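For reference, data00.txt is printed below; it contains compact mmCIF, C-alpha atoms.
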```txt
# COMPACT_ATOMS: atom_id res chain seq x y z
CA MET A 221 85.53 81.76 70.53
CA SER A 222 87.77 80.43 67.82
CA THR A 223 90.97 82.03 66.70
CA SER A 224 92.19 83.27 63.38
CA VAL A 225 95.72 82.44 64.47
CA PRO A 226 95.68 78.64 64.64
CA THR A 227 99.35 77.96 65.23
CA ALA A 228 101.88 79.35 67.64
CA SER A 229 104.69 81.60 66.49
CA ARG A 230 107.52 83.37 68.18
CA SER A 231 106.02 86.72 67.19
CA HIS A 232 103.26 86.06 69.72
CA TYR A 233 105.70 86.47 72.59
CA GLY A 234 106.32 90.10 71.66
CA SER A 235 102.58 90.72 71.32
CA ILE A 236 101.90 89.04 74.65
CA ALA A 237 104.55 91.26 76.27
CA ILE A 238 102.87 94.38 74.83
CA ILE A 239 99.42 93.33 76.08
CA GLY A 240 101.01 92.42 79.42
CA ALA A 241 102.27 96.01 79.67
CA LEU A 242 98.72 97.21 79.02
CA PHE A 243 97.37 94.99 81.80
CA PHE A 244 100.05 96.42 84.09
CA ILE A 245 98.66 99.89 83.27
CA PHE A 246 95.09 98.67 83.99
CA GLY A 247 96.16 97.53 87.42
CA PHE A 248 98.17 100.63 88.29
CA VAL A 249 95.48 103.11 87.27
CA THR A 250 92.56 101.09 88.68
CA TRP A 251 94.07 100.51 92.11
CA LEU A 252 95.05 104.13 92.57
CA ASN A 253 91.39 104.74 93.43
CA GLY A 254 91.68 103.34 96.96
CA PRO A 255 94.41 105.73 98.14
CA LEU A 256 92.76 108.58 96.18
CA ILE A 257 89.67 108.28 98.39
CA THR A 258 91.79 109.14 101.43
CA PHE A 259 93.66 111.80 99.45
CA ALA A 260 90.43 113.48 98.30
CA LYS A 261 88.97 113.68 101.80
CA LEU A 262 91.89 115.84 102.90
CA ALA A 263 92.87 117.68 99.72
CA PHE A 264 89.33 118.79 98.84
CA ASN A 265 88.07 118.86 102.45
CA VAL A 266 85.04 116.75 101.48
CA SER A 267 82.98 114.16 103.33
CA GLU A 268 83.66 110.47 103.12
CA SER A 269 80.55 110.03 100.98
CA ALA A 270 81.77 112.67 98.53
CA ALA A 271 85.25 111.12 98.44
CA PHE A 272 83.70 107.83 97.28
CA LEU A 273 82.60 109.64 94.11
CA ILE A 274 86.09 108.80 92.83
CA PRO A 275 85.52 105.04 92.50
CA PHE A 276 81.89 105.72 91.54
CA ALA A 277 82.90 107.91 88.58
CA PHE A 278 85.60 105.45 87.56
CA TYR A 279 83.46 102.32 87.54
CA ILE A 280 80.25 103.89 86.24
CA SER A 281 82.20 104.90 83.13
CA TYR A 282 82.35 101.20 82.19
CA PHE A 283 78.56 101.04 82.22
CA VAL A 284 78.28 104.16 80.07
CA LEU A 285 81.06 103.29 77.60
CA ALA A 286 80.85 99.49 77.21
CA LEU A 287 78.34 99.39 74.36
CA PRO A 288 79.76 102.47 72.58
CA SER A 289 83.18 100.82 72.87
CA SER A 290 81.98 97.79 70.93
CA VAL A 291 80.76 100.13 68.15
CA ILE A 292 84.04 102.09 68.18
CA LEU A 293 86.07 98.89 67.92
CA LYS A 294 84.04 97.74 64.92
CA LEU A 295 85.14 100.94 63.17
CA THR A 296 88.76 101.11 64.35
CA GLY A 297 89.74 97.49 64.90
CA MET A 298 91.21 96.24 68.16
CA LYS A 299 94.73 97.63 67.68
CA LYS A 300 93.73 101.24 66.94
CA GLY A 301 91.01 100.94 69.56
CA MET A 302 93.60 100.15 72.22
CA ALA A 303 95.61 103.20 71.16
CA LEU A 304 92.48 105.37 71.32
CA GLY A 305 91.76 104.11 74.85
CA LEU A 306 95.30 104.98 75.99
CA PHE A 307 95.07 108.47 74.51
CA LEU A 308 91.72 109.09 76.21
CA MET A 309 93.27 107.98 79.51
CA ALA A 310 96.08 110.48 78.97
CA ILE A 311 93.51 113.27 78.55
CA GLY A 312 91.78 112.16 81.74
CA ALA A 313 95.07 112.18 83.67
CA VAL A 314 95.72 115.78 82.55
CA VAL A 315 92.20 116.84 83.56
CA PHE A 316 92.50 115.16 86.96
CA GLY A 317 95.96 116.58 87.65
CA GLN A 318 95.02 120.12 86.67
CA TYR A 319 91.71 120.32 88.51
CA THR A 320 93.13 118.63 91.61
CA THR A 321 95.94 121.18 91.75
CA GLN A 322 93.27 123.90 91.57
CA ARG A 323 91.19 121.99 94.16
CA VAL A 324 88.09 121.88 91.94
CA TYR A 325 86.54 118.59 92.98
CA GLY A 326 83.96 118.35 90.20
CA GLY A 327 86.69 118.73 87.60
CA ALA A 328 88.86 116.14 89.33
CA VAL A 329 86.00 113.61 89.37
CA THR A 330 85.41 114.33 85.67
CA GLY A 331 89.05 113.48 85.03
CA ILE A 332 88.60 110.15 86.80
CA PHE A 333 85.52 109.45 84.64
CA VAL A 334 87.51 110.16 81.47
CA ILE A 335 90.30 107.83 82.62
CA GLY A 336 87.70 105.13 83.22
CA ALA A 337 86.18 105.77 79.79
CA GLY A 338 89.56 105.23 78.16
CA LEU A 339 90.01 102.03 80.16
CA ALA A 340 86.56 100.83 79.07
CA ILE A 341 87.63 101.05 75.41
CA LEU A 342 91.04 99.58 76.16
CA GLN A 343 89.65 96.63 78.09
CA THR A 344 86.85 95.90 75.65
CA ALA A 345 89.59 95.40 73.05
CA SER A 346 92.42 93.82 75.02
CA ASN A 347 90.46 91.29 77.10
CA PRO A 348 89.28 89.18 74.13
CA TYR A 349 92.48 89.99 72.21
CA ILE A 350 94.76 88.16 74.63
CA SER A 351 92.41 85.16 74.64
CA ILE A 352 92.56 84.69 70.86
CA LEU A 353 96.21 85.63 70.34
CA GLY A 354 97.85 82.31 69.62
CA PRO A 355 96.63 78.74 70.12
CA ILE A 356 93.34 78.63 71.99
CA GLU A 357 94.57 75.80 74.22
CA GLY A 358 97.13 78.20 75.69
CA ALA A 359 94.59 80.92 76.49
CA ALA A 360 94.34 80.09 80.20
CA GLN A 361 98.07 80.50 80.69
CA ARG A 362 98.10 83.84 78.87
CA ILE A 363 95.16 85.09 80.93
CA ALA A 364 96.89 84.12 84.18
CA VAL A 365 100.03 85.97 83.12
CA MET A 366 97.92 89.05 82.37
CA GLY A 367 96.35 88.79 85.81
CA ILE A 368 99.75 88.65 87.45
CA CYS A 369 100.87 91.77 85.53
CA ASN A 370 97.67 93.49 86.62
CA LYS A 371 98.01 92.68 90.29
CA VAL A 372 101.74 93.43 90.55
CA ALA A 373 100.87 96.92 89.31
CA GLY A 374 98.00 97.05 91.78
CA ILE A 375 100.38 96.32 94.64
CA LEU A 376 102.79 99.03 93.49
CA ALA A 377 100.19 101.77 92.87
CA PRO A 378 99.30 102.54 96.54
CA LEU A 379 102.99 102.36 97.49
CA VAL A 380 104.00 104.83 94.78
CA ILE A 381 101.25 107.37 95.44
CA GLY A 382 101.64 106.89 99.19
CA THR A 383 105.34 107.71 98.96
CA LEU A 384 105.23 110.52 96.38
CA VAL A 385 101.96 112.25 97.30
CA MET A 386 100.47 111.11 100.59
CA HIS A 387 103.50 111.06 102.90
CA GLY A 388 102.97 112.72 106.27
CA MET A 389 99.17 112.85 105.94
CA GLY A 390 98.60 112.11 109.61
CA ASP A 391 100.64 115.13 110.74
CA LEU A 392 99.15 117.29 108.01
CA SER A 393 95.59 116.41 109.08
CA ALA A 394 96.41 117.52 112.61
CA GLN A 395 97.92 120.80 111.36
CA VAL A 396 94.89 121.51 109.18
CA ALA A 397 92.50 120.81 112.05
CA SER A 398 94.20 123.38 114.31
CA ALA A 399 95.04 126.03 111.68
CA ASP A 400 93.22 129.28 110.97
CA ALA A 401 91.30 129.62 107.70
CA ALA A 402 94.12 131.20 105.66
CA THR A 403 96.77 128.74 106.85
CA LYS A 404 94.39 125.83 106.30
CA GLU A 405 93.87 126.84 102.66
CA GLN A 406 97.61 127.23 102.11
CA LEU A 407 98.35 123.80 103.58
CA LEU A 408 95.65 122.11 101.54
CA ASN A 409 96.71 123.89 98.33
CA GLU A 410 100.28 122.71 98.81
CA PHE A 411 99.13 119.16 99.54
CA ALA A 412 96.81 119.01 96.51
CA ALA A 413 99.60 120.31 94.26
CA ARG A 414 101.66 117.20 95.01
CA ILE A 415 99.46 115.24 92.59
CA HIS A 416 100.26 117.44 89.58
CA ASP A 417 103.66 116.18 88.47
CA PRO A 418 102.94 112.43 88.90
CA TYR A 419 99.75 112.72 86.84
CA MET A 420 101.38 114.85 84.14
CA PHE A 421 104.10 112.21 83.89
CA MET A 422 101.44 109.51 83.67
CA ALA A 423 99.62 111.43 80.94
CA GLY A 424 102.79 111.78 78.87
CA LEU A 425 103.59 108.09 79.27
CA LEU A 426 100.07 107.05 78.25
CA ALA A 427 100.21 109.26 75.15
CA LEU A 428 103.57 107.77 74.14
CA LEU A 429 102.20 104.27 74.63
CA ALA A 430 99.23 105.14 72.42
CA VAL A 431 101.58 106.09 69.61
CA GLY A 432 103.68 103.01 70.31
CA ILE A 433 100.65 100.72 70.00
CA VAL A 434 99.78 102.14 66.58
CA PHE A 435 103.27 101.39 65.26
CA SER A 436 103.74 98.16 67.22
CA PRO A 437 103.94 94.69 65.62
CA LEU A 438 100.60 93.69 67.19
CA PRO A 439 98.59 91.82 64.54
CA GLU A 440 95.19 93.32 63.74
CA ILE A 441 92.34 90.95 64.57
CA ARG A 442 88.79 91.73 63.48
CA ALA A 443 86.05 90.42 65.75
CA GLU A 444 83.85 89.23 62.88
CA VAL A 445 86.67 87.04 61.59
CA VAL A 446 87.51 85.68 65.03
CA ASN A 447 83.89 84.80 65.78
CA ALA A 448 83.10 83.22 62.42
CA ASP A 449 83.64 79.60 63.48
CA ALA A 450 81.77 80.03 66.77
CA ASP A 451 78.51 81.00 65.10
CA ALA A 452 77.07 77.58 64.31
CA GLY A 453 75.73 76.89 67.80
CA SER A 454 73.69 80.10 67.94
CA ALA A 455 72.51 80.32 64.32
CA ARG A 456 68.89 79.65 65.24
CA LYS A 457 68.75 82.43 67.83
CA THR A 458 67.98 86.01 66.96
CA SER A 459 68.54 87.97 70.18
CA LEU A 460 70.84 88.16 73.18
CA PHE A 461 67.68 87.80 75.30
CA GLN A 462 67.58 84.15 74.23
CA PHE A 463 70.73 83.48 76.27
CA PRO A 464 69.67 83.80 79.94
CA HIS A 465 73.08 82.69 81.23
CA VAL A 466 74.78 85.82 79.84
CA TRP A 467 72.36 88.08 81.73
CA LEU A 468 72.89 86.09 84.92
CA GLY A 469 76.62 86.36 84.20
CA ALA A 470 76.41 90.14 83.87
CA LEU A 471 74.79 90.32 87.30
CA CYS A 472 77.52 88.01 88.59
CA ILE A 473 80.20 90.37 87.22
CA PHE A 474 78.30 93.25 88.87
CA VAL A 475 78.41 91.72 92.35
CA TYR A 476 81.93 90.34 91.88
CA VAL A 477 83.44 93.71 90.94
CA GLY A 478 81.49 95.27 93.80
CA VAL A 479 83.05 92.99 96.40
CA GLU A 480 86.47 93.27 94.76
CA VAL A 481 86.38 97.06 95.05
CA MET A 482 85.10 96.82 98.62
CA ALA A 483 88.07 94.65 99.56
CA GLY A 484 90.56 96.75 97.59
CA ASP A 485 89.52 100.41 97.46
CA ALA A 486 87.35 100.56 100.60
CA ILE A 487 89.77 98.67 102.87
CA GLY A 488 91.45 101.93 103.94
CA THR A 489 88.12 103.41 104.98
CA TYR A 490 87.28 100.14 106.70
CA GLY A 491 90.51 100.31 108.70
CA GLN A 492 89.88 103.92 109.64
CA GLY A 493 86.59 102.75 111.17
CA PHE A 494 88.71 101.14 113.92
CA GLY A 495 90.64 104.38 114.42
CA LEU A 496 93.77 103.02 112.71
CA PRO A 497 96.22 105.77 111.61
CA VAL A 498 95.82 107.16 108.09
CA ASP A 499 99.55 106.76 107.43
CA ALA A 500 98.98 102.99 107.77
CA THR A 501 95.57 102.65 106.11
CA LYS A 502 96.75 104.33 102.89
CA PHE A 503 98.78 101.18 102.12
CA PHE A 504 96.05 98.62 102.89
CA THR A 505 95.01 98.26 99.24
CA SER A 506 98.43 96.73 98.53
CA PHE A 507 97.71 93.95 101.04
CA THR A 508 94.51 93.00 99.19
CA LEU A 509 96.32 93.05 95.86
CA PHE A 510 99.06 90.83 97.27
CA GLY A 511 96.34 88.34 98.21
CA MET A 512 95.00 88.48 94.66
CA LEU A 513 98.47 87.95 93.22
CA LEU A 514 98.90 84.86 95.40
CA GLY A 515 95.47 83.67 94.27
CA TYR A 516 96.49 83.97 90.63
CA VAL A 517 99.57 81.86 91.20
CA VAL A 518 97.53 79.16 92.97
CA GLY A 519 94.87 79.29 90.25
CA LEU A 520 97.48 79.01 87.52
CA ILE A 521 98.83 75.84 89.15
CA ALA A 522 95.49 74.28 90.14
CA ILE A 523 93.23 74.99 87.12
CA PRO A 524 92.48 72.72 85.32
CA ARG A 525 95.13 70.28 86.54
CA PHE A 526 93.49 69.61 89.89
CA ILE A 527 90.14 71.40 89.76
CA SER A 528 87.77 72.80 87.12
CA GLN A 529 86.98 76.50 86.77
CA GLU A 530 83.40 75.94 87.92
CA ARG A 531 84.48 74.13 91.08
CA TYR A 532 87.17 76.69 91.82
CA LEU A 533 84.58 79.46 91.46
CA THR A 534 82.38 77.58 93.95
CA PHE A 535 85.30 77.32 96.37
CA SER A 536 86.12 81.03 95.90
CA ALA A 537 82.54 82.10 96.65
CA VAL A 538 82.35 80.03 99.83
CA LEU A 539 85.78 81.26 100.96
CA GLY A 540 84.74 84.87 100.33
CA ALA A 541 81.63 84.51 102.49
CA LEU A 542 83.61 82.90 105.31
CA LEU A 543 86.31 85.60 105.25
CA ALA A 544 83.67 88.38 105.27
CA ILE A 545 82.06 86.78 108.33
CA GLY A 546 85.52 86.50 109.91
CA ALA A 547 86.04 90.23 109.37
CA PHE A 548 82.73 90.91 111.10
CA LEU A 549 83.59 88.77 114.12
CA THR A 550 87.01 90.37 114.74
CA LYS A 551 88.39 93.86 115.35
CA GLY A 552 91.31 96.08 114.37
CA TYR A 553 94.19 94.76 112.31
CA VAL A 554 92.88 91.18 112.50
CA SER A 555 89.60 92.24 110.92
CA VAL A 556 91.49 94.19 108.25
CA GLY A 557 93.55 91.06 107.63
CA PHE A 558 90.37 89.11 106.86
CA VAL A 559 89.32 91.83 104.38
CA ALA A 560 92.75 91.77 102.70
CA ALA A 561 92.55 87.96 102.46
CA LEU A 562 89.43 88.42 100.33
CA GLY A 563 91.86 89.29 97.55
CA PHE A 564 92.87 85.62 97.44
CA ALA A 565 89.23 84.54 97.15
CA HIS A 566 88.59 87.07 94.37
CA ALA A 567 91.62 86.31 92.20
CA MET A 568 90.18 83.65 89.90
CA MET A 569 86.56 84.81 89.91
CA TRP A 570 86.67 86.98 86.79
CA PRO A 571 88.52 84.40 84.65
CA ALA A 572 85.93 81.80 85.68
CA ILE A 573 82.78 83.94 85.40
CA PHE A 574 83.56 85.49 82.02
CA PRO A 575 83.94 82.30 79.92
CA LEU A 576 80.98 80.64 81.63
CA ALA A 577 78.84 83.70 80.83
CA ILE A 578 79.74 83.94 77.13
CA GLN A 579 79.84 80.24 76.25
CA GLY A 580 77.76 79.35 73.23
CA LEU A 581 76.97 82.97 72.24
CA GLY A 582 78.49 82.63 68.76
CA ARG A 583 77.81 85.77 66.71
CA PHE A 584 76.41 87.44 69.83
CA THR A 585 79.71 87.08 71.70
CA GLU A 586 80.76 90.68 71.04
CA TYR A 587 77.55 92.13 72.45
CA GLY A 588 77.52 89.66 75.32
CA SER A 589 81.05 90.72 76.22
CA ALA A 590 79.98 94.37 76.21
CA LEU A 591 77.08 93.47 78.52
CA LEU A 592 79.54 91.83 80.93
CA ILE A 593 81.82 94.88 80.81
CA MET A 594 78.79 96.98 81.80
CA GLY A 595 78.55 94.81 84.90
CA ILE A 596 81.79 96.41 86.13
CA ALA A 597 79.48 99.21 87.32
CA GLY A 598 79.06 97.12 90.46
CA GLY A 599 82.32 98.68 91.55
CA ALA A 600 80.51 102.03 91.58
CA VAL A 601 77.27 100.98 93.26
CA ILE A 602 78.16 98.60 96.08
CA PRO A 603 80.87 100.78 97.70
CA GLN A 604 78.45 103.72 97.53
CA LEU A 605 75.89 101.65 99.43
CA PHE A 606 78.57 100.88 102.01
CA VAL A 607 79.58 104.48 102.59
CA HIS A 608 75.92 105.56 102.71
CA PHE A 609 74.65 103.00 105.21
CA LYS A 610 77.71 103.13 107.47
CA GLN A 611 76.80 106.69 108.40
CA ASP A 612 73.88 105.40 110.49
CA HIS A 613 74.88 101.80 111.22
CA ASP A 614 77.89 99.85 112.45
CA PHE A 615 80.36 99.77 109.53
CA GLN A 616 81.26 96.09 110.11
CA LEU A 617 77.61 95.08 110.05
CA VAL A 618 77.03 97.03 106.83
CA PHE A 619 80.15 95.45 105.30
CA VAL A 620 79.10 91.86 105.98
CA ALA A 621 75.45 92.55 105.06
CA LEU A 622 76.56 93.74 101.62
CA MET A 623 79.30 91.19 100.96
CA VAL A 624 77.76 87.86 101.96
CA PRO A 625 74.70 88.07 99.63
CA CYS A 626 77.06 88.87 96.76
CA TYR A 627 79.11 85.74 97.44
CA LEU A 628 75.93 83.68 97.67
CA TYR A 629 74.90 84.87 94.22
CA ILE A 630 78.35 84.05 92.82
CA LEU A 631 77.93 80.60 94.35
CA TYR A 632 74.54 80.25 92.63
CA PHE A 633 76.04 81.22 89.27
CA ALA A 634 78.89 78.71 89.72
CA LEU A 635 76.47 75.88 90.54
CA ARG A 636 73.39 76.66 88.45
CA GLY A 637 73.24 80.07 86.81
CA HIS A 638 75.84 79.47 84.10
CA LYS A 639 73.79 76.51 82.83
CA ALA A 640 70.53 78.47 82.39
CA GLY A 641 69.15 77.97 78.89
CA GLN A 642 72.22 75.97 77.86
CA ARG A 643 72.15 72.67 76.00
CA HIS A 644 73.90 69.88 77.84
CA ASP A 645 76.23 69.24 74.91
CA VAL A 646 77.59 72.78 74.79
CA VAL A 647 81.15 72.72 76.07
CA ASN A 648 82.70 75.47 78.11
CA GLY A 649 84.22 78.31 76.13
CA ALA A 650 87.96 78.59 76.32
CA THR A 651 88.19 82.35 76.52
CA ALA A 652 88.44 84.42 79.62
CA SER A 653 89.20 87.93 80.56
CA GLN A 654 90.66 90.16 83.27
CA HIS A 655 89.40 93.72 84.27
CA GLY A 656 91.29 96.60 86.09
```
In structure tokens, what does this structure look like?
Amino acid sequence: MSTSVPTASRSHYGSIAIIGALFFIFGFVTWLNGPLITFAKLAFNVSESAAFLIPFAFYISYFVLALPSSVILKLTGMKKGMALGLFLMAIGAVVFGQYTTQRVYGGAVTGIFVIGAGLAILQTASNPYISILGPIEGAAQRIAVMGICNKVAGILAPLVIGTLVMHGMGDLSAQVASADAATKEQLLNEFAARIHDPYMFMAGLLALLAVGIVFSPLPEIRAEVVNADADAGSARKTSLFQFPHVWLGALCIFVYVGVEVMAGDAIGTYGQGFGLPVDATKFFTSFTLFGMLLGYVVGLIAIPRFISQERYLTFSAVLGALLAIGAFLTKGYVSVGFVAALGFAHAMMWPAIFPLAIQGLGRFTEYGSALLIMGIAGGAVIPQLFVHFKQDHDFQLVFVALMVPCYLYILYFALRGHKAGQRHDVVNGATASQHG
């Protein structure tokens, strides 16, 4: 992807800071889902399978909204599109906060879906935006900075909600279990109401940010202008179906996001499988995100100075498989530690997969990117398979049986899949992206 901004300018630093703030929001909102699974089980008195509807609704919204988002952004432009995404997230936060306070689970899940829909629009705009903002040779550094913003927020999110909303859950669970029906309802109503003020505050902040984006100094960049120079290599092709590597890449994004959510959102449920206390497991997502943050720092230093993106993706896939097997072979906090360490293996997967999947697409880049965003639905499907099969089988066996094949496919894409249908003289694209 070429850029319409060929030279660096100091104004880019302000724009990068604004987009960095957006990536911070991605991380905070996305990684609230893990603690919310535990919260929902108690607040709504639902089964574990039903509680996993929270990440399902969130990630399936990407599949539903990815292609419509590309159409919306053609009409609005990237800048207004980002503001629209923030405003839609604000609406979702209000819906979630209100229905959770009333303990109407269907309404709360709808709110999560709306938040995800807003994020789908926001990410479809901001991911390519940060890649093309400024000199293309500096894209990798900008992407890594965005990833760090994202994961710092991801570390903070479980700590904030754990402190403000989920404190004392272990004692509360015991009280609810021994209470009569009326007292039980009163306790659960009071607990669910804790979510109201934090989410109303979040909604107000998101709405203010939406207005701020509209009046911000962010330059407007139209996709058709940005992609103009990249079109020559694909001029003879008439359909996205003529680029097999982008379809293989979409499947790679699907399995990658699936394992990322398993290691991040499902780690609390995994820990509870060993009988670990809920007041400890509610913070486990932060451990995974710390591993991802460390992985970003290492990737920023190592790529491409010491190792190429393709080779690092190969290393990451092998490391992920080994850590998943390590989790299976151990118990308790040690096993949880292996799962959290998967965050390190996952850190640089998205930035490597995305550019390999869209290289050489030219005028089809926009639609190829939307296809890859649809792959984020893996975060909805794979955890649902986990929570379904663990009801009748050993949860560690189910975990490793789901995770290892995903890493093997990522390994295939790193070694072979990204070259499918590609000419040998096509060079790797310089753009990359980072999801929630």
From CA of Val466 (chain A) to CA of Pro575 (chain A) the spacing works out at 9.8 Å
Write out as a PDB file with C-alpha atoms, in the coordinates of the input each polymer residue whose atoms come within 9 Å of region 516-523 of chain A, counting all atoms listed in the file; drop sequence neighbours fewer than 3 positions from it.
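File written: around.pdb
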```pdb
ATOM      1  CA  ALA A 360      94.340  80.090  80.200  1.00  0.00           C
ATOM      2  CA  GLN A 361      98.070  80.500  80.690  1.00  0.00           C
ATOM      3  CA  ALA A 364      96.890  84.120  84.180  1.00  0.00           C
ATOM      4  CA  VAL A 365     100.030  85.970  83.120  1.00  0.00           C
ATOM      5  CA  GLY A 367      96.350  88.790  85.810  1.00  0.00           C
ATOM      6  CA  ILE A 368      99.750  88.650  87.450  1.00  0.00           C
ATOM      7  CA  LYS A 371      98.010  92.680  90.290  1.00  0.00           C
ATOM      8  CA  GLY A 511      96.340  88.340  98.210  1.00  0.00           C
ATOM      9  CA  MET A 512      95.000  88.480  94.660  1.00  0.00           C
ATOM     10  CA  LEU A 513      98.470  87.950  93.220  1.00  0.00           C
ATOM     11  CA  PHE A 526      93.490  69.610  89.890  1.00  0.00           C
ATOM     12  CA  ILE A 527      90.140  71.400  89.760  1.00  0.00           C
ATOM     13  CA  SER A 528      87.770  72.800  87.120  1.00  0.00           C
ATOM     14  CA  GLN A 529      86.980  76.500  86.770  1.00  0.00           C
ATOM     15  CA  TYR A 532      87.170  76.690  91.820  1.00  0.00           C
ATOM     16  CA  PHE A 564      92.870  85.620  97.440  1.00  0.00           C
ATOM     17  CA  ALA A 567      91.620  86.310  92.200  1.00  0.00           C
ATOM     18  CA  MET A 568      90.180  83.650  89.900  1.00  0.00           C
TER      19      MET A 568
END
```
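The two atoms in question, CA of Gly432 (chain A) and CA of Asn253 (chain A), are spaced 26.2 Å apart.
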Min atom-atom distance to Ile415 (chain A) from the set A:Phe584, A:Phe619, A:Tyr319, A:Phe278, counting only C-alpha atoms, belongs to A:Tyr319
Excluding Tyr587 (chain A) and residues on its chain fewer than 3 positions from it, collect all residues at most 10 Å away from it, counting all atoms listed in the file, and give them as a PDB file with C-alpha atoms, in the frame of the given file.
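Written output follows (selection_1.pdb):
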```
ATOM      1  CA  ALA A 286      80.850  99.490  77.210  1.00  0.00           C
ATOM      2  CA  LEU A 287      78.340  99.390  74.360  1.00  0.00           C
ATOM      3  CA  SER A 290      81.980  97.790  70.930  1.00  0.00           C
ATOM      4  CA  VAL A 291      80.760 100.130  68.150  1.00  0.00           C
ATOM      5  CA  LEU A 460      70.840  88.160  73.180  1.00  0.00           C
ATOM      6  CA  ILE A 578      79.740  83.940  77.130  1.00  0.00           C
ATOM      7  CA  LEU A 581      76.970  82.970  72.240  1.00  0.00           C
ATOM      8  CA  ARG A 583      77.810  85.770  66.710  1.00  0.00           C
ATOM      9  CA  PHE A 584      76.410  87.440  69.830  1.00  0.00           C
ATOM     10  CA  ALA A 590      79.980  94.370  76.210  1.00  0.00           C
ATOM     11  CA  LEU A 591      77.080  93.470  78.520  1.00  0.00           C
ATOM     12  CA  LEU A 592      79.540  91.830  80.930  1.00  0.00           C
ATOM     13  CA  ILE A 593      81.820  94.880  80.810  1.00  0.00           C
TER      14      ILE A 593
END
```
Discussion item. If I take CA of Ala270 (chain A) and CA of Cys472 (chain A), how far is one from the other in Å, to one decimal?
Written reply: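 The value is 26.9 Å.
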task: Tell me, as an NGL selection string, which residues lie within 9 Å of region 625-638 of chain A, counting only C-alpha atoms; anything in the same chain fewer than 4 positions away does not count.
output: :A and (464-466 or 468-469 or 471-473 or 475-476 or 478-479 or 529-541 or 569 or 572-573 or 576-577 or 579 or 620-621 or 642)
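Proximity to Ala430 (chain A) was assessed for A:Leu273, A:Val477, A:Ala483, A:Ile238 counting only C-alpha atoms; the smallest distance is recorded for A:Ile238.
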- Message: Which residues are near Leu252 (chain A)? Cut-off 7 Å, all atoms listed in the file, ignore same chain within fewer than 3 positions. Put them as a VMD selection string.
- Response: chain A and resid 248 to 249 255 to 256 377 to 378
Residues from last step as file, C-alpha atoms, as an mmCIF file, keeping the file's coordinate frame:
```
data_model
loop_
_atom_site.group_PDB
_atom_site.id
_atom_site.type_symbol
_atom_site.label_atom_id
_atom_site.label_comp_id
_atom_site.auth_asym_id
_atom_site.auth_seq_id
_atom_site.Cartn_x
_atom_site.Cartn_y
_atom_site.Cartn_z
ATOM 1 C CA PHE A 248 98.170 100.630 88.290
ATOM 2 C CA VAL A 249 95.480 103.110 87.270
ATOM 3 C CA PRO A 255 94.410 105.730 98.140
ATOM 4 C CA LEU A 256 92.760 108.580 96.180
ATOM 5 C CA ALA A 377 100.190 101.770 92.870
ATOM 6 C CA PRO A 378 99.300 102.540 96.540
#
```
Item to complete: Would you please work out which residue, of A:Gln616, A:Ser281, A:Thr458, A:Thr508, is nearest to Phe333 (chain A) when using all atoms listed in the file?
Response: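 The answer is A:Ser281, which sits nearest to Phe333 (chain A).
Among the candidates A:Phe411, A:Trp570, A:Phe463, A:Phe504, the residue lying nearest to Thr585 (chain A) is A:Phe463 (atoms considered: all atoms listed in the file).
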What lies within 10 Å of Ile274 (chain A) using all atoms listed in the file, ignoring chain neighbours under 3 positions off, as an NGL selection string? :A and (253-254 or 256-257 or 260 or 269-271 or 277-279 or 325 or 328-333 or 600)
_Using all atoms listed in the file, can you tell me which of A:Ala547, A:Met386, A:Leu438, A:Val314 comes closest to Phe615 (chain A)?_
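Closest to Phe615 (chain A) of all the choices is A:Ala547.
Between Ala640 (chain A) and the candidates A:Thr550, A:Gln343, A:Thr321, A:Gln462, the tightest atom-to-atom separation, counting all atoms listed in the file, involves A:Gln462.
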For region 233-240 of chain A, I'd like the enclosing box, axis-aligned and padded by 3 Å on every side, reported as lines of an AutoDock Vina configuration file with centre and edge lengths in Å to one decimal.
```
center_x = 102.9
center_y = 90.4
center_z = 75.4
size_x = 12.9
size_y = 13.9
size_z = 14.1
```
